[in-house]
file protein08.txt (compact mmCIF, C-alpha atoms)
# COMPACT_ATOMS: atom_id res chain seq x y z
CA MET A 29 0.00 0.00 0.00
CA GLY A 30 2.29 2.81 0.97
CA THR A 31 4.75 4.88 2.83
CA HIS A 32 5.13 8.42 4.16
CA ASP A 33 5.40 11.80 2.57
CA HIS A 34 8.00 13.84 4.36
CA ASP A 35 11.78 13.78 4.22
CA SER A 36 13.13 15.67 7.22
CA SER A 37 12.63 13.02 9.89
CA LEU A 38 13.92 10.04 7.92
CA VAL A 39 16.58 7.82 9.42
CA SER A 40 17.86 5.19 6.99
CA ARG A 41 18.25 2.05 9.10
CA ARG A 42 17.96 -1.60 8.08
CA THR A 43 19.39 -3.24 11.20
CA VAL A 44 17.92 -3.25 14.67
CA LEU A 45 20.60 -3.62 17.34
CA ALA A 46 24.32 -4.19 17.20
CA GLY A 47 25.36 -7.81 17.31
CA GLY A 48 24.07 -11.17 16.21
CA ALA A 49 20.62 -10.26 14.87
CA ALA A 50 22.04 -7.72 12.46
CA GLY A 51 24.62 -10.26 11.40
CA LEU A 52 22.09 -13.03 10.81
CA GLY A 53 19.80 -10.58 9.10
CA GLY A 54 16.29 -10.58 7.71
CA LEU A 55 14.69 -13.82 6.70
CA LEU A 56 17.33 -16.15 8.08
CA VAL A 57 16.76 -15.06 11.66
CA GLY A 58 13.24 -16.44 11.84
CA ASN A 59 14.21 -19.65 10.11
CA LEU A 60 17.21 -20.36 12.29
CA LEU A 61 15.84 -19.21 15.62
CA GLY A 62 12.10 -19.52 15.14
CA SER A 63 11.77 -21.77 18.19
CA ALA A 64 13.75 -19.48 20.50
CA THR A 65 12.07 -18.72 23.81
CA ALA A 66 12.94 -16.58 26.82
CA GLY A 67 16.10 -17.53 28.56
CA ALA A 68 19.89 -17.32 28.47
CA SER A 69 21.70 -17.84 25.19
CA PRO A 70 25.35 -18.68 24.58
CA SER A 71 27.51 -17.06 21.93
CA THR A 72 28.20 -13.36 21.65
CA GLY A 73 26.57 -10.15 20.52
CA TYR A 74 22.81 -9.95 20.48
CA GLN A 75 22.30 -13.53 21.66
CA ALA A 76 24.38 -12.87 24.76
CA VAL A 77 21.42 -10.90 26.16
CA PRO A 78 20.56 -12.99 29.23
CA GLU A 79 16.79 -12.55 29.14
CA TRP A 80 14.35 -11.79 26.34
CA GLY A 81 11.69 -10.72 28.80
CA LYS A 82 8.17 -12.00 29.19
CA ALA A 83 6.16 -13.29 26.27
CA ARG A 84 3.94 -10.62 24.71
CA GLN A 85 1.27 -10.42 22.04
CA VAL A 86 1.59 -8.31 18.88
CA ILE A 87 -1.46 -7.49 16.76
CA TRP A 88 -1.26 -5.94 13.32
CA ALA A 89 -4.42 -4.00 12.44
CA ASN A 90 -4.64 -3.96 8.64
CA GLY A 91 -7.66 -2.28 7.08
CA ALA A 92 -6.69 -3.19 3.50
CA SER A 93 -5.36 -6.73 3.49
CA GLY A 94 -4.31 -8.48 0.30
CA THR A 95 -1.45 -10.43 -1.21
CA TRP A 96 0.76 -7.34 -0.81
CA ASP A 97 1.00 -7.82 2.96
CA LEU A 98 2.49 -11.32 3.00
CA SER A 99 5.94 -9.84 3.61
CA TYR A 100 4.63 -7.90 6.62
CA ASP A 101 3.17 -11.05 8.10
CA VAL A 102 6.38 -12.98 7.62
CA GLY A 103 8.53 -10.16 8.97
CA MET A 104 6.42 -9.76 12.10
CA ASN A 105 6.13 -13.51 12.55
CA ASP A 106 9.89 -13.89 12.28
CA ALA A 107 10.55 -11.20 14.87
CA ALA A 108 7.82 -12.41 17.24
CA ARG A 109 9.04 -16.00 17.09
CA PHE A 110 12.60 -14.81 17.57
CA LEU A 111 11.50 -13.16 20.83
CA GLY A 112 9.10 -15.85 21.99
CA TRP A 113 6.12 -13.51 21.42
CA SER A 114 2.82 -14.28 19.70
CA TYR A 115 1.55 -12.54 16.58
CA LYS A 116 -1.96 -12.07 15.21
CA LYS A 117 -3.44 -10.05 12.35
CA VAL A 118 -6.83 -8.33 12.47
CA ALA A 119 -7.67 -7.48 8.88
CA MET A 120 -10.30 -6.60 6.31
CA PRO A 121 -9.98 -6.95 2.52
CA GLN A 122 -8.35 -4.30 0.36
CA ALA A 123 -11.21 -4.43 -2.16
CA SER A 124 -13.56 -2.71 0.31
CA TYR A 125 -10.98 -0.24 1.66
CA SER A 126 -12.40 2.85 3.33
CA ALA A 127 -11.64 5.15 6.27
CA THR A 128 -14.50 3.54 8.18
CA GLN A 129 -13.07 0.08 7.58
CA VAL A 130 -9.63 1.15 8.79
CA ALA A 131 -11.10 2.58 11.99
CA GLN A 132 -13.16 -0.56 12.59
CA THR A 133 -10.09 -2.75 12.20
CA ILE A 134 -8.07 -0.72 14.68
CA ASN A 135 -10.93 -0.71 17.20
CA GLU A 136 -11.24 -4.49 16.94
CA ALA A 137 -7.51 -4.85 17.57
CA ILE A 138 -7.65 -2.55 20.60
CA ALA A 139 -10.52 -4.58 22.05
CA LEU A 140 -8.26 -7.65 22.08
CA LYS A 141 -5.87 -5.79 24.46
CA PRO A 142 -2.52 -6.80 22.97
CA ASP A 143 0.78 -5.66 24.38
CA VAL A 144 1.72 -4.13 21.02
CA LEU A 145 -0.46 -2.65 18.28
CA VAL A 146 1.07 -2.18 14.83
CA THR A 147 -0.94 -0.40 12.14
CA PRO A 148 -0.51 1.84 9.10
CA ASP A 149 -1.43 5.50 9.57
CA TRP A 150 -3.52 5.77 6.43
CA VAL A 151 -6.57 7.90 7.17
CA GLU A 152 -7.54 11.01 9.06
CA GLY A 153 -8.82 10.32 12.56
CA GLU A 154 -6.49 7.45 13.38
CA GLY A 155 -4.67 9.66 15.89
CA ASP A 156 -7.62 9.50 18.30
CA LEU A 157 -7.73 5.72 18.02
CA LEU A 158 -4.00 5.33 18.59
CA SER A 159 -4.26 7.62 21.62
CA LYS A 160 -7.08 5.43 22.90
CA ALA A 161 -4.84 2.38 22.55
CA GLN A 162 -2.01 4.08 24.43
CA LYS A 163 -4.33 5.07 27.28
CA SER A 164 -5.36 1.44 27.63
CA GLY A 165 -1.72 0.44 28.14
CA ILE A 166 -0.95 -0.76 24.60
CA PHE A 167 2.39 0.13 23.01
CA VAL A 168 1.68 1.53 19.53
CA ILE A 169 4.00 1.65 16.55
CA VAL A 170 3.09 2.51 12.96
CA SER A 171 4.10 0.58 9.86
CA ASN A 172 3.73 1.15 6.12
CA ALA A 173 2.42 4.74 6.08
CA ASP A 174 2.57 7.80 8.29
CA ASN A 175 0.27 10.15 6.43
CA TYR A 176 -0.27 12.34 9.51
CA PRO A 177 3.22 12.70 10.99
CA ASP A 178 2.32 15.65 13.22
CA GLN A 179 -0.18 13.48 15.11
CA LEU A 180 2.37 10.71 15.49
CA THR A 181 4.92 13.19 16.82
CA THR A 182 2.40 14.47 19.39
CA LEU A 183 1.70 10.91 20.50
CA ASN A 184 5.40 9.89 20.46
CA ILE A 185 4.68 7.11 17.98
CA ALA A 186 7.47 5.93 15.67
CA ALA A 187 6.87 4.71 12.13
CA CYS A 188 8.63 1.89 10.31
CA THR A 189 7.94 2.93 6.76
CA SER A 190 9.51 4.18 3.56
CA ASN A 191 9.58 7.58 1.93
CA PRO A 192 7.08 7.70 -0.94
CA ASN A 193 8.80 10.56 -2.70
CA VAL A 194 12.11 8.71 -2.65
CA LEU A 195 10.47 5.49 -3.87
CA GLY A 196 9.02 7.36 -6.84
CA GLN A 197 12.34 9.02 -7.57
CA LYS A 198 14.22 5.71 -7.51
CA SER A 199 11.87 4.06 -9.98
CA GLY A 200 11.51 7.19 -12.12
CA THR A 201 15.29 7.59 -12.37
CA VAL A 202 15.69 4.06 -13.75
CA LEU A 203 12.97 4.84 -16.30
CA MET A 204 14.54 8.11 -17.40
CA ASP A 205 18.01 6.53 -17.61
CA TYR A 206 16.50 3.88 -19.88
CA PHE A 207 15.09 6.52 -22.22
CA ALA A 208 18.44 8.30 -22.26
CA SER A 209 20.23 5.05 -23.16
CA LYS A 210 17.86 4.58 -26.10
CA GLY A 211 18.18 8.16 -27.29
CA THR A 212 14.48 8.85 -26.68
CA LYS A 213 13.99 12.56 -26.02
CA GLU A 214 10.24 13.11 -25.80
CA GLY A 215 6.85 11.52 -25.32
CA THR A 216 4.19 10.97 -22.68
CA ILE A 217 4.52 8.65 -19.68
CA ILE A 218 1.38 7.36 -17.98
CA GLY A 219 1.59 7.26 -14.18
CA GLY A 220 -1.00 4.80 -12.85
CA ASN A 221 -2.24 5.44 -9.32
CA PRO A 222 -4.80 3.18 -7.60
CA TYR A 223 -5.40 5.56 -4.69
CA PRO A 224 -4.68 9.19 -5.67
CA GLN A 225 -6.63 10.35 -2.61
CA ASN A 226 -4.11 8.58 -0.36
CA THR A 227 -1.29 10.88 0.70
CA ASN A 228 1.48 8.30 0.56
CA GLN A 229 0.40 6.94 -2.82
CA GLN A 230 0.25 10.44 -4.24
CA GLY A 231 3.70 11.09 -2.80
CA ILE A 232 5.13 8.23 -4.86
CA TRP A 233 3.63 9.71 -8.03
CA VAL A 234 5.10 13.13 -7.16
CA GLY A 235 8.50 11.51 -6.60
CA CYS A 236 8.47 10.01 -10.08
CA GLN A 237 7.33 13.34 -11.50
CA SER A 238 10.38 15.01 -9.95
CA ALA A 239 12.64 12.38 -11.57
CA VAL A 240 11.06 13.12 -14.96
CA GLU A 241 11.51 16.86 -14.50
CA ALA A 242 15.12 16.45 -13.38
CA ALA A 243 15.92 14.30 -16.42
CA ASN A 244 14.26 16.80 -18.76
CA LYS A 245 16.44 19.54 -17.33
CA ALA A 246 19.65 17.52 -17.36
CA ASN A 247 19.22 15.89 -20.77
CA GLY A 248 17.34 18.55 -22.70
CA SER A 249 14.46 16.11 -23.16
CA ASN A 250 10.76 16.91 -23.20
CA PHE A 251 8.77 14.15 -21.50
CA ASP A 252 5.25 14.69 -20.16
CA PHE A 253 4.07 12.75 -17.10
CA VAL A 254 0.30 12.33 -16.80
CA GLU A 255 -1.55 10.74 -13.90
CA LEU A 256 -4.11 8.01 -14.43
CA ALA A 257 -6.39 7.34 -11.45
CA ASP A 258 -6.87 3.71 -12.47
CA ASN A 259 -8.69 2.50 -9.30
CA SER A 260 -6.85 -0.79 -9.76
CA GLY A 261 -6.96 -1.60 -6.04
CA ALA A 262 -10.73 -2.05 -6.19
CA ASP A 263 -11.47 -2.80 -9.87
CA GLU A 264 -8.76 -4.56 -11.87
CA VAL A 265 -10.90 -5.11 -14.96
CA GLY A 266 -11.91 -1.47 -15.06
CA ALA A 267 -8.30 -0.42 -14.51
CA VAL A 268 -7.10 -2.43 -17.50
CA ALA A 269 -9.74 -0.70 -19.63
CA LEU A 270 -8.64 2.72 -18.36
CA TRP A 271 -4.99 1.99 -19.21
CA LYS A 272 -5.90 0.83 -22.73
CA ALA A 273 -8.11 3.84 -23.31
CA LYS A 274 -5.39 6.26 -22.20
CA ILE A 275 -2.77 4.55 -24.34
CA ALA A 276 -5.09 4.73 -27.35
CA GLN A 277 -5.82 8.39 -26.67
CA LEU A 278 -2.11 9.25 -26.64
CA GLY A 279 -1.31 7.25 -29.74
CA SER A 280 2.26 7.76 -30.96
CA LYS A 281 2.97 10.11 -28.05
CA PHE A 282 2.86 7.20 -25.58
CA VAL A 283 6.37 6.00 -24.67
CA GLY A 284 6.05 4.16 -21.35
CA GLY A 285 4.43 3.83 -17.95
CA PHE A 286 4.94 4.12 -14.22
CA CYS A 287 2.97 2.30 -11.53
CA VAL A 288 2.56 3.70 -8.02
CA ALA A 289 1.62 0.32 -6.50
CA ASP A 290 1.39 -3.37 -7.29
CA ALA A 291 -2.28 -3.19 -8.28
CA SER A 292 -1.46 -0.68 -11.01
CA THR A 293 1.42 -2.88 -12.19
CA THR A 294 -0.93 -5.82 -12.66
CA ALA A 295 -3.42 -3.65 -14.58
CA ALA A 296 -0.76 -2.04 -16.78
CA VAL A 297 0.85 -5.37 -17.69
CA LYS A 298 -2.53 -6.84 -18.66
CA ALA A 299 -3.26 -3.71 -20.71
CA TYR A 300 0.06 -4.13 -22.53
CA GLN A 301 -0.55 -7.81 -23.15
CA THR A 302 -4.08 -7.35 -24.49
CA SER A 303 -2.99 -4.45 -26.69
CA GLY A 304 -0.64 -6.67 -28.67
CA PHE A 305 2.53 -5.11 -27.29
CA LYS A 306 5.73 -7.12 -26.97
CA PRO A 307 7.64 -7.39 -23.67
CA GLY A 308 9.94 -4.40 -23.37
CA GLN A 309 8.29 -2.47 -26.19
CA TYR A 310 7.16 0.22 -23.74
CA PRO A 311 9.15 0.37 -20.49
CA LEU A 312 7.16 0.10 -17.28
CA ALA A 313 8.78 1.32 -14.04
CA CYS A 314 7.02 0.19 -10.88
CA ILE A 315 6.83 0.15 -7.09
CA ASP A 316 6.29 -2.93 -4.87
CA VAL A 317 8.08 -6.26 -5.02
CA THR A 318 5.47 -9.02 -5.26
CA THR A 319 5.34 -12.47 -6.83
CA PRO A 320 3.34 -11.24 -9.88
CA SER A 321 5.50 -8.15 -10.36
CA LEU A 322 8.69 -10.21 -10.17
CA ALA A 323 7.26 -12.62 -12.74
CA SER A 324 6.35 -9.70 -15.01
CA MET A 325 9.91 -8.42 -14.76
CA GLN A 326 11.28 -11.87 -15.57
CA GLU A 327 9.06 -11.95 -18.67
CA GLY A 328 10.27 -8.51 -19.73
CA TRP A 329 7.10 -6.49 -19.18
CA VAL A 330 8.48 -4.56 -16.18
CA LEU A 331 11.69 -2.52 -16.35
CA CYS A 332 12.25 -2.11 -12.60
CA LEU A 333 10.62 -2.43 -9.20
CA VAL A 334 11.39 -0.59 -5.99
CA ASP A 335 11.36 -2.52 -2.74
CA ALA A 336 9.49 -0.52 -0.11
CA GLY A 337 11.10 -2.74 2.53
CA ILE A 338 7.84 -4.37 3.58
CA TYR A 339 9.48 -7.37 5.28
CA THR A 340 11.88 -5.04 7.05
CA GLN A 341 9.04 -2.78 8.19
CA GLY A 342 7.28 -5.71 9.81
CA TRP A 343 10.44 -7.04 11.45
CA MET A 344 11.51 -3.63 12.73
CA ALA A 345 8.10 -2.74 14.16
CA VAL A 346 8.23 -5.77 16.46
CA MET A 347 11.88 -5.35 17.36
CA PHE A 348 11.52 -1.66 18.16
CA SER A 349 8.58 -2.59 20.41
CA TRP A 350 10.80 -5.06 22.28
CA GLN A 351 13.49 -2.40 22.52
CA TYR A 352 11.09 -0.08 24.34
CA LEU A 353 9.19 -2.61 26.44
CA GLU A 354 12.24 -4.54 27.64
CA ARG A 355 15.03 -1.95 27.51
CA GLY A 356 13.20 1.35 27.87
CA TYR A 357 14.54 2.94 24.69
CA ALA A 358 11.69 4.53 22.78
CA PRO A 359 11.95 4.57 18.98
CA SER A 360 11.08 7.87 17.38
CA GLY A 361 10.47 9.51 14.04
CA ALA A 362 10.14 7.81 10.68
CA ILE A 363 12.51 4.95 9.94
CA ASP A 364 13.06 4.45 6.20
CA CYS A 365 13.18 0.72 5.51
CA SER A 366 13.17 0.93 1.72
CA GLY A 367 15.75 -0.54 -0.61
CA ALA A 368 17.26 0.12 -4.00
CA ALA A 369 15.48 -0.38 -7.29
CA VAL A 370 15.27 -4.00 -8.41
CA THR A 371 16.53 -4.47 -11.96
CA LYS A 372 17.42 -7.47 -14.09
CA ALA A 373 20.82 -7.52 -12.37
CA THR A 374 19.29 -8.14 -8.93
CA LEU A 375 16.11 -9.93 -9.96
CA ALA A 376 17.35 -13.44 -9.11
CA ALA A 377 18.24 -12.50 -5.53
CA PHE A 378 14.89 -10.84 -4.91
CA SER A 379 13.06 -13.79 -6.45
CA ARG A 380 14.85 -16.17 -4.07
CA ALA A 381 13.94 -14.00 -1.08
CA ASN A 382 10.34 -13.78 -2.27
CA ASN A 383 10.11 -17.56 -2.67
CA LEU A 384 11.46 -18.00 0.84
CA GLN A 385 8.82 -15.63 2.19
CA ILE A 386 6.08 -17.62 0.44
CA THR A 387 7.39 -20.81 2.03
CA LEU A 388 7.56 -19.19 5.46
CA GLY A 389 4.08 -17.73 5.00
CA LYS A 390 2.73 -21.24 4.49
CA ASP A 391 4.66 -22.53 7.50
CA TYR A 392 3.24 -19.69 9.61
CA ASN A 393 -0.29 -20.23 8.27
CA VAL A 394 -0.46 -16.64 7.04
CA LEU A 395 -3.87 -15.65 5.72
CA VAL A 396 -4.70 -12.68 3.49
CA ALA A 397 -8.17 -11.17 3.44
call {"tool": "encode", "arguments": {"input": "protein08.txt", "output": "structure tokens"}}
result
Amino acid sequence: MGTHDHDSSLVSRRTVLAGGAAGLGGLLVGNLLGSATAGASPSTGYQAVPEWGKARQVIWANGASGTWDLSYDVGMNDAARFLGWSYKKVAMPQASYSATQVAQTINEAIALKPDVLVTPDWVEGEGDLLSKAQKSGIFVIVSNADNYPDQLTTLNIAACTSNPNVLGQKSGTVLMDYFASKGTKEGTIIGGNPYPQNTNQQGIWVGCQSAVEAANKANGSNFDFVELADNSGADEVGAVALWKAKIAQLGSKFVGGFCVADASTTAAVKAYQTSGFKPGQYPLACIDVTTPSLASMQEGWVLCLVDAGIYTQGWMAVMFSWQYLERGYAPSGAIDCSGAAVTKATLAAFSRANNLQITLGKDYNVLVA
């Protein structure tokens, strides 16, 4: 789904604490130490900590669940199992996403009285709900999006997220470098956006727009970047039709596309395929690393993807909660968990990691709404 839309508070950080956990890293930690429980550990570094602390429950309140959140589930499961904690998701399907649904999901999670509540800060009004959770003794940390950072600052709530503007810039830069390598100097790029009303999604589009403008200035090119509110998150069939209609309208001016989120990537690829295009004929720069998007890149339909660090966001949210609850160090600000753009050169490594997450998701009995 998304990320956050301000730069000043970002701290780029992909490890949690000095020592063994950082060394083991990411997916391997859960696999190697998934059965770890409270108690003394031998060895050095992180595992020399003599006591994990008491077992706690983490609940992730997700008001727009879909296949995109598998990595969150695995990341939080890995961290919770590493600590001997329990993890549960309270979720509703992405297809019926609304502010009311988000609020309902958070309220249901609060009613279960977990030790830790993790949730995206997507919609206006969540601040009151998060304050309610804090007053009931629940530690709150945000993941995925912090659309209302001032509220989070007031409530001293940290966010494990990624910067939408930077995500858009990373993907847009790969796209513009591609055009430069081909000697293409002008044309219109379609920027598909499933949720233009969502601050973090719009921030990604703006980030790509800035990359286009910077390339125009640096290279003397003249590319236009037009937004297509494709509504792909709720209506894939309609989104494909919107992409095809826009491409037809532009005619020879159309040179390529950009996708703000995985839903738009799916719609754009299907539009390309049903328009008789060949893989790679029109470059498509995208956000979100998913199984379908990786497959589309392997087949040549997608030029690049940008990893928003979804697994890392889930892992970090749990580990930062432990850091506060057991060691008294409160996380703060927005922690950028995003990674570099995925290209053909790094596709194999990301595919292996994605396959491992799918396997772990099955082992953990992860369900998507």
call {"tool": "residues_around", "arguments": {"input": "protein08.txt", "residues": "range 191-202 of chain A", "least_positions_apart": "4", "cutoff": "9 Å", "atoms": "all atoms listed in the file", "output": "ChimeraX atom specification"}}
result
/A:30-35,38,173,206-207,228-240,242-243,286,288,313-315,331-336,362-371
call {"tool": "residues_around", "arguments": {"input": "protein08.txt", "residues": "Gln85 in chain A", "least_positions_apart": "2", "cutoff": "9 Å", "atoms": "all atoms listed in the file", "output": "mmCIF file with C-alpha atoms, keeping the file's coordinate frame"}}
result
data_model
loop_
_atom_site.group_PDB
_atom_site.id
_atom_site.type_symbol
_atom_site.label_atom_id
_atom_site.label_comp_id
_atom_site.auth_asym_id
_atom_site.auth_seq_id
_atom_site.Cartn_x
_atom_site.Cartn_y
_atom_site.Cartn_z
ATOM 1 C CA ALA A 83 6.160 -13.290 26.270
ATOM 2 C CA ILE A 87 -1.460 -7.490 16.760
ATOM 3 C CA ALA A 108 7.820 -12.410 17.240
ATOM 4 C CA TRP A 113 6.120 -13.510 21.420
ATOM 5 C CA SER A 114 2.820 -14.280 19.700
ATOM 6 C CA TYR A 115 1.550 -12.540 16.580
ATOM 7 C CA LYS A 116 -1.960 -12.070 15.210
ATOM 8 C CA LYS A 141 -5.870 -5.790 24.460
ATOM 9 C CA PRO A 142 -2.520 -6.800 22.970
ATOM 10 C CA ASP A 143 0.780 -5.660 24.380
ATOM 11 C CA VAL A 144 1.720 -4.130 21.020
ATOM 12 C CA LEU A 145 -0.460 -2.650 18.280
#
call {"tool": "residues_near_point", "arguments": {"input": "protein08.txt", "point": "(4.8, 7.4, -27.8)", "cutoff": "9 Å", "atoms": "all atoms listed in the file", "output": "ChimeraX atom specification"}}
result
/A:214-217,275,278-284,310
call {"tool": "closest_residue", "arguments": {"input": "protein08.txt", "among": "A:Thr340, A:Thr319, A:Gln351, A:Thr302", "to": "Asn382 in chain A", "atoms": "only C-alpha atoms"}}
result
A:Thr319
call {"tool": "residues_around", "arguments": {"input": "protein08.txt", "residues": "Ala299 in chain A", "least_positions_apart": "2", "cutoff": "6 Å", "atoms": "all atoms listed in the file", "output": "PyMOL selection string"}}
result
chain A and resi 268+272+296-297+301-302
call {"tool": "closest_residue", "arguments": {"input": "protein08.txt", "among": "A:Leu256, A:Val346, A:Leu140, A:Leu353", "to": "Ala269 in chain A", "atoms": "only C-alpha atoms"}}
result
A:Leu256
call {"tool": "closest_residue", "arguments": {"input": "protein08.txt", "among": "A:Val317, A:Ala262, A:Ala276, A:Ala161", "to": "Ala377 in chain A", "atoms": "only C-alpha atoms"}}
result
A:Val317
call {"tool": "atom_distance", "arguments": {"input": "protein08.txt", "atom1": "CA of Ile169 in chain A", "atom2": "CA of Cys188 in chain A"}}
result
7.8 Å
call {"tool": "atom_distance", "arguments": {"input": "protein08.txt", "atom1": "CA of Leu312 in chain A", "atom2": "CA of Gly261 in chain A"}}
result
18.1 Å
call {"tool": "atom_distance", "arguments": {"input": "protein08.txt", "atom1": "CA of Ala358 in chain A", "atom2": "CA of Met344 in chain A"}}
result
12.9 Å
call {"tool": "residues_near_point", "arguments": {"input": "protein08.txt", "point": "(14.5, -2.4, 20.5)", "cutoff": "8 Å", "atoms": "only C-alpha atoms", "output": "compact mmCIF listing (two decimals) with C-alpha atoms, in the frame of the given file"}}
result
# COMPACT_ATOMS: atom_id res chain seq x y z
CA VAL A 44 17.92 -3.25 14.67
CA LEU A 45 20.60 -3.62 17.34
CA MET A 347 11.88 -5.35 17.36
CA PHE A 348 11.52 -1.66 18.16
CA SER A 349 8.58 -2.59 20.41
CA TRP A 350 10.80 -5.06 22.28
CA GLN A 351 13.49 -2.40 22.52
CA TYR A 352 11.09 -0.08 24.34
CA LEU A 353 9.19 -2.61 26.44
CA GLU A 354 12.24 -4.54 27.64
CA ARG A 355 15.03 -1.95 27.51
CA TYR A 357 14.54 2.94 24.69
CA ALA A 358 11.69 4.53 22.78
CA PRO A 359 11.95 4.57 18.98
call {"tool": "closest_residue", "arguments": {"input": "protein08.txt", "among": "A:Asn226, A:Ser190, A:Ser171, A:Asn247", "to": "Asp205 in chain A", "atoms": "only C-alpha atoms"}}
result
A:Asn247
call {"tool": "closest_residue", "arguments": {"input": "protein08.txt", "among": "A:Val146, A:Trp343, A:Ala123, A:Gln309", "to": "Lys210 in chain A", "atoms": "all atoms listed in the file"}}
result
A:Gln309
call {"tool": "closest_residue", "arguments": {"input": "protein08.txt", "among": "A:Thr181, A:Thr189, A:Thr128, A:Asn135", "to": "Glu152 in chain A", "atoms": "all atoms listed in the file"}}
result
A:Thr128
call {"tool": "decode", "arguments": {"input": "protein08.txt", "residues": "range 132-152 of chain A", "atoms": "C-alpha atoms", "output": "PDB file, in the first residue's frame"}}
result
ATOM      1  CA  GLN A 132     -13.159  -0.563  12.586  1.00  0.00           C
ATOM      2  CA  THR A 133     -10.089  -2.755  12.198  1.00  0.00           C
ATOM      3  CA  ILE A 134      -8.066  -0.719  14.684  1.00  0.00           C
ATOM      4  CA  ASN A 135     -10.927  -0.707  17.203  1.00  0.00           C
ATOM      5  CA  GLU A 136     -11.237  -4.486  16.944  1.00  0.00           C
ATOM      6  CA  ALA A 137      -7.508  -4.850  17.570  1.00  0.00           C
ATOM      7  CA  ILE A 138      -7.646  -2.549  20.605  1.00  0.00           C
ATOM      8  CA  ALA A 139     -10.525  -4.584  22.048  1.00  0.00           C
ATOM      9  CA  LEU A 140      -8.260  -7.646  22.081  1.00  0.00           C
ATOM     10  CA  LYS A 141      -5.872  -5.790  24.456  1.00  0.00           C
ATOM     11  CA  PRO A 142      -2.519  -6.801  22.966  1.00  0.00           C
ATOM     12  CA  ASP A 143       0.781  -5.656  24.382  1.00  0.00           C
ATOM     13  CA  VAL A 144       1.715  -4.134  21.021  1.00  0.00           C
ATOM     14  CA  LEU A 145      -0.460  -2.648  18.283  1.00  0.00           C
ATOM     15  CA  VAL A 146       1.066  -2.179  14.830  1.00  0.00           C
ATOM     16  CA  THR A 147      -0.940  -0.397  12.141  1.00  0.00           C
ATOM     17  CA  PRO A 148      -0.507   1.844   9.098  1.00  0.00           C
ATOM     18  CA  ASP A 149      -1.430   5.504   9.574  1.00  0.00           C
ATOM     19  CA  TRP A 150      -3.520   5.770   6.427  1.00  0.00           C
ATOM     20  CA  VAL A 151      -6.574   7.896   7.166  1.00  0.00           C
ATOM     21  CA  GLU A 152      -7.542  11.008   9.060  1.00  0.00           C
TER      22      GLU A 152
END
